[in-house]
Structure formats: structure tokens, C-alpha cells
file input-v2.cif (mmCIF, C-alpha atoms and all ligand atoms)
data_protein
#
loop_
_atom_site.label_atom_id
_atom_site.label_comp_id
_atom_site.auth_asym_id
_atom_site.auth_seq_id
_atom_site.Cartn_x
_atom_site.Cartn_y
_atom_site.Cartn_z
CA MET F 5 -36.79 -14.02 0.10
CA ILE F 6 -33.21 -15.25 -0.37
CA LYS F 7 -30.60 -13.51 1.74
CA ALA F 8 -26.92 -13.92 0.94
CA VAL F 9 -23.88 -13.04 2.99
CA TYR F 10 -20.62 -11.93 1.36
CA PRO F 11 -17.90 -12.28 4.01
CA GLY F 12 -14.34 -11.05 3.97
CA SER F 13 -11.63 -8.88 5.47
CA PHE F 14 -12.08 -5.99 3.01
CA ASP F 15 -8.90 -4.23 4.18
CA PRO F 16 -9.73 -2.24 2.06
CA ILE F 17 -12.59 -3.11 -0.32
CA THR F 18 -11.39 -3.31 -3.96
CA LYS F 19 -13.22 -2.76 -7.22
CA GLY F 20 -13.23 -6.55 -7.61
CA HIS F 21 -15.16 -6.94 -4.33
CA LEU F 22 -17.54 -4.17 -5.34
CA ASP F 23 -18.21 -5.85 -8.68
CA ILE F 24 -19.15 -9.09 -6.88
CA ILE F 25 -21.42 -7.20 -4.45
CA ARG F 26 -23.19 -5.43 -7.32
CA ARG F 27 -23.77 -8.67 -9.25
CA CYS F 28 -24.99 -10.44 -6.08
CA SER F 29 -27.44 -7.62 -5.46
CA TYR F 30 -29.07 -8.46 -8.84
CA VAL F 31 -29.32 -12.19 -8.02
CA PHE F 32 -30.38 -12.19 -4.35
CA ASP F 33 -33.17 -10.34 -2.56
CA GLU F 34 -30.81 -9.10 0.12
CA VAL F 35 -27.02 -9.10 0.46
CA THR F 36 -25.14 -8.53 3.71
CA VAL F 37 -21.48 -7.66 3.33
CA ALA F 38 -19.94 -9.19 6.45
CA VAL F 39 -16.66 -7.64 7.57
CA LEU F 40 -14.60 -9.94 9.76
CA ASN F 41 -13.62 -8.38 13.07
CA ASN F 42 -10.59 -10.41 14.09
CA PRO F 43 -9.07 -9.02 17.32
CA ASN F 44 -5.89 -11.10 16.70
CA LYS F 45 -5.29 -9.69 13.22
CA THR F 46 -5.28 -5.95 12.83
CA GLY F 47 -5.25 -4.53 9.35
CA TRP F 48 -4.74 -1.04 7.98
CA PHE F 49 -8.33 -0.16 8.79
CA SER F 50 -10.47 -0.93 11.84
CA PRO F 51 -13.65 -2.97 11.28
CA GLU F 52 -15.67 0.22 11.85
CA GLU F 53 -13.67 2.07 9.19
CA ARG F 54 -14.11 -0.80 6.73
CA VAL F 55 -17.87 -0.90 7.33
CA SER F 56 -18.12 2.82 6.75
CA GLN F 57 -15.97 2.64 3.57
CA ILE F 58 -18.14 -0.13 2.17
CA GLU F 59 -21.38 1.66 3.12
CA LYS F 60 -20.12 4.67 1.20
CA VAL F 61 -19.59 2.69 -2.01
CA VAL F 62 -22.74 0.52 -1.91
CA SER F 63 -25.13 3.36 -1.11
CA ALA F 64 -26.74 3.09 -4.57
CA LEU F 65 -27.61 -0.58 -4.01
CA PRO F 66 -30.77 -0.57 -1.83
CA ASN F 67 -30.75 -4.30 -1.01
CA VAL F 68 -27.16 -4.32 0.29
CA LYS F 69 -26.29 -3.80 3.96
CA VAL F 70 -22.94 -3.89 5.70
CA LYS F 71 -22.13 -5.32 9.14
CA SER F 72 -19.10 -6.54 11.02
CA PHE F 73 -18.96 -9.86 12.83
CA THR F 74 -16.78 -11.75 15.26
CA GLY F 75 -16.62 -15.51 15.72
CA LEU F 76 -18.01 -18.06 13.34
CA LEU F 77 -19.50 -16.97 10.05
CA VAL F 78 -22.27 -19.60 10.28
CA ASP F 79 -23.38 -18.17 13.66
CA PHE F 80 -23.48 -14.66 12.25
CA MET F 81 -25.54 -16.00 9.34
CA ASP F 82 -28.05 -17.49 11.75
CA GLU F 83 -28.45 -14.05 13.33
CA GLU F 84 -28.99 -12.61 9.85
CA GLY F 85 -31.41 -15.34 8.78
CA SER F 86 -29.23 -16.23 5.81
CA ASP F 87 -28.21 -19.64 4.43
CA VAL F 88 -26.12 -18.54 1.43
CA ILE F 89 -22.42 -17.65 1.54
CA ILE F 90 -21.02 -15.90 -1.52
CA LYS F 91 -17.34 -16.17 -2.38
CA GLY F 92 -15.61 -14.62 -5.37
CA LEU F 93 -13.15 -16.72 -7.34
CA ARG F 94 -10.34 -15.11 -9.29
CA SER F 95 -8.39 -18.27 -10.00
CA THR F 96 -8.00 -21.95 -9.21
CA SER F 97 -5.75 -21.01 -6.28
CA ASP F 98 -8.70 -19.11 -4.80
CA PHE F 99 -10.74 -22.28 -5.21
CA ASP F 100 -8.08 -24.32 -3.37
CA TYR F 101 -8.23 -21.81 -0.51
CA GLU F 102 -12.03 -21.58 -0.46
CA CYS F 103 -12.88 -25.25 -0.84
CA PRO F 104 -11.91 -26.38 2.70
CA MET F 105 -13.63 -23.29 4.15
CA ALA F 106 -16.85 -24.17 2.33
CA LEU F 107 -16.62 -27.72 3.63
CA ILE F 108 -15.94 -26.63 7.22
CA ASN F 109 -18.88 -24.25 7.12
CA LYS F 110 -21.04 -27.10 5.80
CA LYS F 111 -19.81 -29.37 8.59
CA LEU F 112 -20.56 -26.70 11.19
CA ASN F 113 -24.05 -26.03 9.85
CA LYS F 114 -25.52 -28.14 7.10
CA SER F 115 -28.14 -25.56 6.16
CA LYS F 116 -25.41 -23.22 4.83
CA GLU F 117 -24.57 -23.31 1.12
CA THR F 118 -21.44 -21.71 -0.30
CA MET F 119 -21.91 -20.35 -3.81
CA PHE F 120 -19.00 -19.20 -5.93
CA MET F 121 -19.14 -16.30 -8.34
CA MET F 122 -16.37 -15.83 -10.89
CA SER F 123 -14.64 -12.51 -10.52
CA ASN F 124 -14.86 -10.13 -13.41
CA SER F 125 -11.80 -10.80 -15.61
CA LYS F 126 -11.03 -7.06 -15.39
CA TYR F 127 -10.21 -7.58 -11.72
CA SER F 128 -8.77 -11.08 -11.67
CA TYR F 129 -5.32 -9.78 -10.59
CA LEU F 130 -6.65 -7.55 -7.85
CA SER F 131 -6.38 -8.03 -4.07
CA SER F 132 -6.46 -5.84 -0.97
CA THR F 133 -2.82 -6.82 -0.37
CA ALA F 134 -1.80 -5.57 -3.82
CA VAL F 135 -3.74 -2.32 -3.25
CA LYS F 136 -1.82 -1.71 -0.01
CA GLN F 137 1.52 -2.36 -1.73
CA VAL F 138 0.65 0.08 -4.52
CA ALA F 139 -0.47 2.71 -1.99
CA LEU F 140 2.66 2.21 0.10
CA PHE F 141 4.92 2.87 -2.90
CA LYS F 142 2.71 5.76 -4.12
CA GLY F 143 1.55 3.98 -7.28
CA CYS F 144 -1.66 4.82 -9.12
CA LEU F 145 -4.77 3.47 -7.35
CA GLN F 146 -7.15 4.42 -10.14
CA GLY F 147 -9.27 1.43 -11.18
CA LEU F 148 -8.14 -0.64 -8.18
CA ILE F 149 -10.38 0.75 -5.46
CA PRO F 150 -13.53 2.88 -5.61
CA SER F 151 -12.40 6.46 -6.28
CA GLU F 152 -14.22 7.74 -3.14
CA LEU F 153 -11.70 5.79 -1.04
CA GLU F 154 -8.46 6.76 -2.78
CA PHE F 155 -7.68 9.71 -0.46
CA GLU F 156 -8.33 7.67 2.69
CA VAL F 157 -6.13 4.78 1.52
CA ARG F 158 -3.29 7.12 0.50
CA GLU F 159 -3.45 8.90 3.86
CA ARG F 160 -3.36 5.58 5.75
CA ALA F 161 -0.38 4.40 3.67
CA LYS F 162 1.66 7.25 5.15
CA LYS F 163 1.37 5.58 8.56
CA TYR F 164 3.08 2.44 7.22
CA GLU F 165 5.79 4.06 5.06
CA GLY F 166 8.34 3.81 7.86
CA GLU F 167 7.91 0.03 7.94
CA ILE F 168 9.10 -0.54 4.36
O1 LIG F 201 -11.21 -11.88 2.85
P1 LIG F 201 -10.74 -13.10 3.60
O2 LIG F 201 -9.71 -12.73 4.64
O3 LIG F 201 -10.28 -14.20 2.68
O4 LIG F 201 -12.04 -13.67 4.38
C1 LIG F 201 -11.95 -14.81 5.20
C2 LIG F 201 -13.27 -15.02 5.98
C3 LIG F 201 -13.66 -13.77 6.77
C4 LIG F 201 -14.38 -15.33 5.01
C5 LIG F 201 -13.03 -16.24 6.92
O5 LIG F 201 -11.85 -16.03 7.64
C6 LIG F 201 -14.16 -16.46 7.93
O6 LIG F 201 -15.26 -16.83 7.57
N1 LIG F 201 -13.87 -16.19 9.22
C7 LIG F 201 -14.80 -16.34 10.31
C8 LIG F 201 -14.44 -17.53 11.20
C9 LIG F 201 -15.07 -18.82 10.70
O7 LIG F 201 -16.26 -18.92 10.54
N2 LIG F 201 -14.22 -19.82 10.42
C10 LIG F 201 -14.69 -21.10 9.93
C11 LIG F 201 -14.42 -21.28 8.44
S1 LIG F 201 -12.69 -21.48 8.18
#
call {"tool": "encode", "arguments": {"input": "input-v2.cif", "output": "C-alpha cells"}}
result
Amino acid sequence: MIKAVYPGSFDPITKGHLDIIRRCSYVFDEVTVAVLNNPNKTGWFSPEERVSQIEKVVSALPNVKVKSFTGLLVDFMDEEGSDVIIKGLRSTSDFDYECPMALINKKLNKSKETMFMMSNSKYSYLSSTAVKQVALFKGCLQGLIPSELEFEVRERAKKYEGEI
């Protein structure tokens, strides 16, 4: 039984993230999407809202669960009984960002392996930051985030319009 953890901020989840989760669910026996709860960095959505958004869009994948975590990823993984970290790579700049993180996680706990999955080329330009910009300026969100979440993201954008 190989359990993988797919960690991230997911503020909000994009179609690129969802594509990685779906492909991981075919490769691993169990996948836990781990939403970082960082009290020092608030996003558009609370960790609880992000978990519920992700649960909504992975409901058809029976071996995927969603949790939030605080503190070190490797400690959360111990609680989950998982040794595999999945990271999606869109570009070499993602690799530059991810490489030190993989090495720190290895240093913290040598039983943890980071495995990289190439993002689907359809979504190689996509990020949660870009989604928020598009929503803020009322652009079309179709194809960027799961359609079930479009209303929620548009509504939340209204709260930040004054800050443009
Ligand atoms: O989607 P993101 O913001 O790139 O995800 C970053 C994340 C959540 C994977 C990373 O910040 C993380 O693992 N945070 C938990 C704290 C930790 O374990 N840090 C040690 C590795 S740098």
C-alpha cells in the first residue's frame, strides 16, 4: 500500500492541480491532498474553505482524501503513514524552487521521497496567483479552475476589488 501526499497552498485549487491529483490517484494506492495552514500567511480562502473546495472536486476519486496541516510537512506525513511527496513541475523554474525543498525534507526525514510529476502541457501556464488576478479583473475563469468553484472565486474576488 503506497500512500502519497500532495502538499500545497491551493488558494484556490486550479485545473492543473486537479490534473496532478487525478494522475496520482491512478499511480498510488492512496493520495492525501495536504493543504498548508499557515497562520502567518492568509490567502483569499481559509484552510477550511480550501479543503471543502478540493473535497468537492475530487469526490469522484475514491482513493483521494483532503486534509489541512500546520508545521512541518514531514511530521504530517508521519501522522498519515506516508513516505512519498508529490510535486507538480510546470517548468525549470518550478524545479529550481522545489529542489531545495525536496532536499530539506530529505534532511529532516530520510525516509521521505519527493517525486516530481510533469504538469499537463495544457496547464503549464496556470497558477493560483494568475487565477486570482483574472478573477479580480473579471476575466474568464473557464478552463482555469474546476467549474464548480467559479462562482465562489468570483464572489471572493469582490472582497479584494477595492485593493487594486
Ligand atoms: O503551493 P505552495 O505554496 O508552493 O506549497 C508549499 C508547501 C506547502 C509545499 C511548503 O511550503 C511546505 O511544505 N510547507 C510546510 C512547512 C515545511 O515542511 N517546510 C520545510 C520544507 S521548506
call {"tool": "residues_near_ligand", "arguments": {"input": "input-v2.cif", "ligand": "ligand LIG 201 (chain F)", "cutoff": "7 Å", "atoms": "all atoms listed in the file", "output": "PyMOL selection string"}}
result
chain F and resi 11-14+39-40+75-78+105+108-109
call {"tool": "residues_around", "arguments": {"input": "input-v2.cif", "residues": "stretch 87-102 of chain F", "least_positions_apart": "5", "cutoff": "6 Å", "atoms": "all atoms listed in the file", "output": "PyMOL selection string"}}
result
chain F and resi 8-10+116-123+128
call {"tool": "atom_distance", "arguments": {"input": "input-v2.cif", "atom1": "atom CA of F:Leu148", "atom2": "atom CA of F:Lys19"}}
result
5.6 Å
call {"tool": "closest_residue", "arguments": {"input": "input-v2.cif", "among": "F:Val61, F:Cys28, F:Ile6, F:Cys103", "to": "F:Ser151", "atoms": "all atoms listed in the file"}}
result
F:Val61
call {"tool": "closest_residue", "arguments": {"input": "input-v2.cif", "among": "F:Ile17, F:Ala161, F:Ile24, F:Val68", "to": "F:Val37", "atoms": "all atoms listed in the file"}}
result
F:Val68
call {"tool": "closest_residue", "arguments": {"input": "input-v2.cif", "among": "F:Ala38, F:Val157, F:Leu140, F:Val135", "to": "F:Thr18", "atoms": "all atoms listed in the file"}}
result
F:Val135
call {"tool": "atom_distance", "arguments": {"input": "input-v2.cif", "atom1": "atom CA of F:Gln137", "atom2": "atom CA of F:Asp23"}}
result
21.2 Å
call {"tool": "atom_distance", "arguments": {"input": "input-v2.cif", "atom1": "atom CA of F:Leu153", "atom2": "atom CA of F:Ser50"}}
result
14.6 Å
call {"tool": "closest_residue", "arguments": {"input": "input-v2.cif", "among": "F:Met5, F:Leu22, F:Val70, F:Leu107", "to": "F:Ile149", "atoms": "only C-alpha atoms"}}
result
F:Leu22
call {"tool": "closest_residue", "arguments": {"input": "input-v2.cif", "among": "F:Arg27, F:Arg160, F:Lys69, F:Lys126", "to": "F:Glu53", "atoms": "only C-alpha atoms"}}
result
F:Arg160
call {"tool": "closest_residue", "arguments": {"input": "input-v2.cif", "among": "F:Lys7, F:Lys111, F:Ile25, F:Ser72", "to": "F:Asn124", "atoms": "all atoms listed in the file"}}
result
F:Ile25
call {"tool": "residues_around", "arguments": {"input": "input-v2.cif", "residues": "F:Lys60", "least_positions_apart": "3", "cutoff": "10 Å", "atoms": "all atoms listed in the file", "output": "list in words"}}
result
Arg54, Val55, Ser56, Gln57, Ser63, Ala64, Pro150, Glu152 and Leu153 of chain F
call {"tool": "residues_around", "arguments": {"input": "input-v2.cif", "residues": "stretch 41-48 of chain F", "least_positions_apart": "5", "cutoff": "7 Å", "atoms": "only C-alpha atoms", "output": "list in words"}}
result
Asp15, Ser72, Phe73 and Thr74 of chain F
